[in-house]
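What follows is the content of final_22.cif, which has mmCIF, C-alpha atoms; chains and numbers go by the auth columns:
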```cif
data_my_file
loop_
_atom_site.group_PDB
_atom_site.id
_atom_site.type_symbol
_atom_site.label_atom_id
_atom_site.label_comp_id
_atom_site.label_asym_id
_atom_site.label_seq_id
_atom_site.Cartn_x
_atom_site.Cartn_y
_atom_site.Cartn_z
_atom_site.B_iso_or_equiv
_atom_site.auth_seq_id
_atom_site.auth_asym_id
ATOM 1 C CA MET A 1 103.375 125.871 133.777 0.00 266 A
ATOM 2 C CA LYS A 2 100.137 124.097 132.889 0.00 267 A
ATOM 3 C CA PRO A 3 100.155 120.993 130.721 0.00 268 A
ATOM 4 C CA ASP A 4 99.132 121.588 127.121 0.00 269 A
ATOM 5 C CA LEU A 5 96.822 118.640 126.469 0.00 270 A
ATOM 6 C CA SER A 6 94.316 118.037 123.677 0.00 271 A
ATOM 7 C CA LEU A 7 91.454 115.625 123.118 0.00 272 A
ATOM 8 C CA VAL A 8 91.464 113.695 119.830 0.00 273 A
ATOM 9 C CA ILE A 9 88.625 111.435 118.624 0.00 274 A
ATOM 10 C CA GLU A 10 89.481 108.729 116.074 0.00 275 A
ATOM 11 C CA GLU A 11 87.326 106.294 114.096 0.00 276 A
ATOM 12 C CA PRO A 12 89.724 103.648 112.706 0.00 277 A
ATOM 13 C CA ILE A 13 86.809 101.331 111.838 0.00 278 A
ATOM 14 C CA ALA A 14 83.349 102.598 110.905 0.00 279 A
ATOM 15 C CA GLY A 15 81.245 102.874 114.078 0.00 280 A
ATOM 16 C CA HIS A 16 84.187 102.341 116.493 0.00 281 A
ATOM 17 C CA PHE A 17 85.188 105.601 118.174 0.00 282 A
ATOM 18 C CA TYR A 18 88.212 106.047 120.447 0.00 283 A
ATOM 19 C CA TRP A 19 89.367 109.087 122.419 0.00 284 A
ATOM 20 C CA LEU A 20 93.000 110.014 122.987 0.00 285 A
ATOM 21 C CA ILE A 21 94.527 112.626 125.293 0.00 286 A
ATOM 22 C CA VAL A 22 97.694 113.885 123.607 0.00 287 A
ATOM 23 C CA ARG A 23 100.442 116.426 124.250 0.00 288 A
ATOM 24 C CA PRO A 24 101.774 118.098 121.099 0.00 289 A
ATOM 25 C CA GLY A 25 105.494 117.549 120.757 0.00 290 A
ATOM 26 C CA GLY A 26 108.523 118.862 119.005 0.00 291 A
ATOM 27 C CA TRP A 27 109.643 122.339 118.140 0.00 292 A
ATOM 28 C CA LEU A 28 106.692 124.660 117.469 0.00 293 A
ATOM 29 C CA ARG A 29 104.438 121.649 118.150 0.00 294 A
ATOM 30 C CA LEU A 30 105.172 120.242 114.714 0.00 295 A
ATOM 31 C CA GLY A 31 106.725 116.999 115.925 0.00 296 A
ATOM 32 C CA PRO A 32 104.978 113.771 116.899 0.00 297 A
ATOM 33 C CA CYS A 33 102.371 113.857 119.658 0.00 298 A
ATOM 34 C CA GLN A 34 102.790 112.013 122.934 0.00 299 A
ATOM 35 C CA VAL A 35 99.730 109.944 123.927 0.00 300 A
ATOM 36 C CA ILE A 36 98.981 110.539 127.617 0.00 301 A
ATOM 37 C CA GLU A 37 95.764 108.514 127.993 0.00 302 A
ATOM 38 C CA SER A 38 93.429 106.596 125.678 0.00 303 A
ATOM 39 C CA ALA A 39 90.140 104.702 125.602 0.00 304 A
ATOM 40 C CA GLN A 40 90.350 101.033 126.566 0.00 305 A
ATOM 41 C CA GLY A 41 87.741 100.007 124.014 0.00 306 A
ATOM 42 C CA PRO A 42 85.522 101.363 121.259 0.00 307 A
ATOM 43 C CA LEU A 43 82.571 103.628 121.975 0.00 308 A
ATOM 44 C CA PRO A 44 79.384 103.543 119.875 0.00 309 A
ATOM 45 C CA SER A 45 79.287 107.214 118.828 0.00 310 A
ATOM 46 C CA TYR A 46 81.449 110.285 118.350 0.00 311 A
ATOM 47 C CA LYS A 47 79.520 112.088 121.092 0.00 312 A
ATOM 48 C CA ALA A 48 80.028 109.258 123.600 0.00 313 A
ATOM 49 C CA ALA A 49 83.775 109.225 122.895 0.00 314 A
ATOM 50 C CA GLN A 50 83.939 113.013 123.187 0.00 315 A
ATOM 51 C CA GLU A 51 82.105 113.080 126.539 0.00 316 A
ATOM 52 C CA ALA A 52 84.247 110.282 128.000 0.00 317 A
ATOM 53 C CA GLY A 53 87.451 111.933 126.794 0.00 318 A
ATOM 54 C CA GLN A 54 86.432 115.328 128.176 0.00 319 A
ATOM 55 C CA GLN A 55 85.863 113.821 131.619 0.00 320 A
ATOM 56 C CA VAL A 56 89.354 112.329 131.640 0.00 321 A
ATOM 57 C CA LEU A 57 90.872 115.535 130.262 0.00 322 A
ATOM 58 C CA ALA A 58 89.202 117.575 133.020 0.00 323 A
ATOM 59 C CA ASN A 59 90.754 115.286 135.653 0.00 324 A
ATOM 60 C CA LEU A 60 94.222 115.588 134.103 0.00 325 A
ATOM 61 C CA GLN A 61 94.286 119.371 133.788 0.00 326 A
ATOM 62 C CA PRO A 62 94.519 121.518 136.900 0.00 327 A
ATOM 63 C CA ALA A 63 91.744 123.990 137.634 0.00 328 A
ATOM 64 C CA ARG A 64 92.317 127.317 135.910 0.00 329 A
ATOM 65 C CA GLU A 65 93.160 130.094 138.282 0.00 330 A
ATOM 66 C CA ARG A 66 91.409 133.411 137.863 0.00 331 A
ATOM 67 C CA ALA A 67 93.034 136.687 138.793 0.00 332 A
ATOM 68 C CA ALA A 68 91.438 138.179 141.881 0.00 333 A
ATOM 69 C CA PRO A 69 90.286 141.769 141.437 0.00 334 A
ATOM 70 C CA SER A 70 91.900 144.349 143.673 0.00 335 A
ATOM 71 C CA GLY A 71 89.909 146.606 145.943 0.00 336 A
ATOM 72 C CA PHE A 72 87.933 146.304 149.122 0.00 337 A
ATOM 73 C CA GLY A 73 85.849 143.117 149.274 0.00 338 A
ATOM 74 C CA GLY A 74 87.171 141.760 145.986 0.00 339 A
ATOM 75 C CA ALA A 75 84.824 143.936 143.936 0.00 340 A
ATOM 76 C CA TRP A 76 85.750 146.339 141.158 0.00 341 A
ATOM 77 C CA ASP A 77 85.046 149.999 141.726 0.00 342 A
ATOM 78 C CA VAL A 78 85.978 153.254 139.998 0.00 343 A
ATOM 79 C CA ARG A 79 89.371 153.394 141.690 0.00 344 A
ATOM 80 C CA THR A 80 90.450 149.818 140.863 0.00 345 A
ATOM 81 C CA VAL A 81 89.228 149.254 137.319 0.00 346 A
ATOM 82 C CA PRO A 82 92.239 148.936 134.979 0.00 347 A
ATOM 83 C CA GLY A 83 92.228 151.338 132.081 0.00 348 A
ATOM 84 C CA ALA A 84 94.375 153.204 129.595 0.00 349 A
ATOM 85 C CA LEU A 85 96.547 155.972 130.937 0.00 350 A
#
```
Just dump the structure as structure tokens.
Amino acid sequence: MKPDLSLVIEEPIAGHFYWLIVRPGGWLRLGPCQVIESAQGPLPSYKAAQEAGQQVLANLQPARERAAPSGFGGAWDVRTVPGAL
């Protein structure tokens, strides 16, 4: 099971942006969030906070695995393409 993490950008004071990595909590994700990681200090813009948070989020989440196609050489052909029966 892969972690379900989200990036949140907050601006508690005008011009002071912080990023947070959170995991939604509770039943149906309606409960309080759990903060996994956060910025150590304010960043000057929303974009700077977003870029910094995305770098941390990428390091926390495992690489997504892609399904390998069947068939000789890993390529799709007429005999291996999934379709409706």
List, as a PyMOL selection string, every residue that the PyMOL selection byres ((chain A and resi 272) around 8) selects in the file provided.
chain A and resi 270-271+273-274+284-287+315+318-319+322
Would you kindly translate the PyMOL selection byres ((chain A and resi 298) around 6) into the concrete residues it picks from this file, as a list in words?
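After applying the PyMOL selection byres ((chain A and resi 298) around 6), what remains is Arg288, Pro289, Gly290, Pro297 and Gln299 of chain A.
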Next, write the just-selected residues to a file, as a PDB file, in the coordinates of the input, keeping C-alpha atoms as the atom set.
```
ATOM      1  CA  ARG A 288     100.442 116.426 124.250  1.00  0.00           C
ATOM      2  CA  PRO A 289     101.774 118.098 121.099  1.00  0.00           C
ATOM      3  CA  GLY A 290     105.494 117.549 120.757  1.00  0.00           C
ATOM      4  CA  PRO A 297     104.978 113.771 116.899  1.00  0.00           C
ATOM      5  CA  GLN A 299     102.790 112.013 122.934  1.00  0.00           C
TER       6      GLN A 299
END
```
With distances taken over only C-alpha atoms, which of A:Ala314, A:Leu325, A:Gly296, A:Pro307 is nearest to A:Ile278?
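For A:Ile278, the nearest of the candidates is A:Pro307.
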Give me, please, the distance in Å between atom CA of A:Glu275 and atom CA of A:Gln305, quoted to one decimal.
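Interatomic distance here is 13.0 Å.
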Hey, can you check how far atom CA of A:Glu302 sits from atom CA of A:Phe282?
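So the two atoms, atom CA of A:Glu302 and atom CA of A:Phe282, lie 14.7 Å apart.
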Students should find that atom CA of A:Gly280 and atom CA of A:Val321 are spaced 21.5 Å
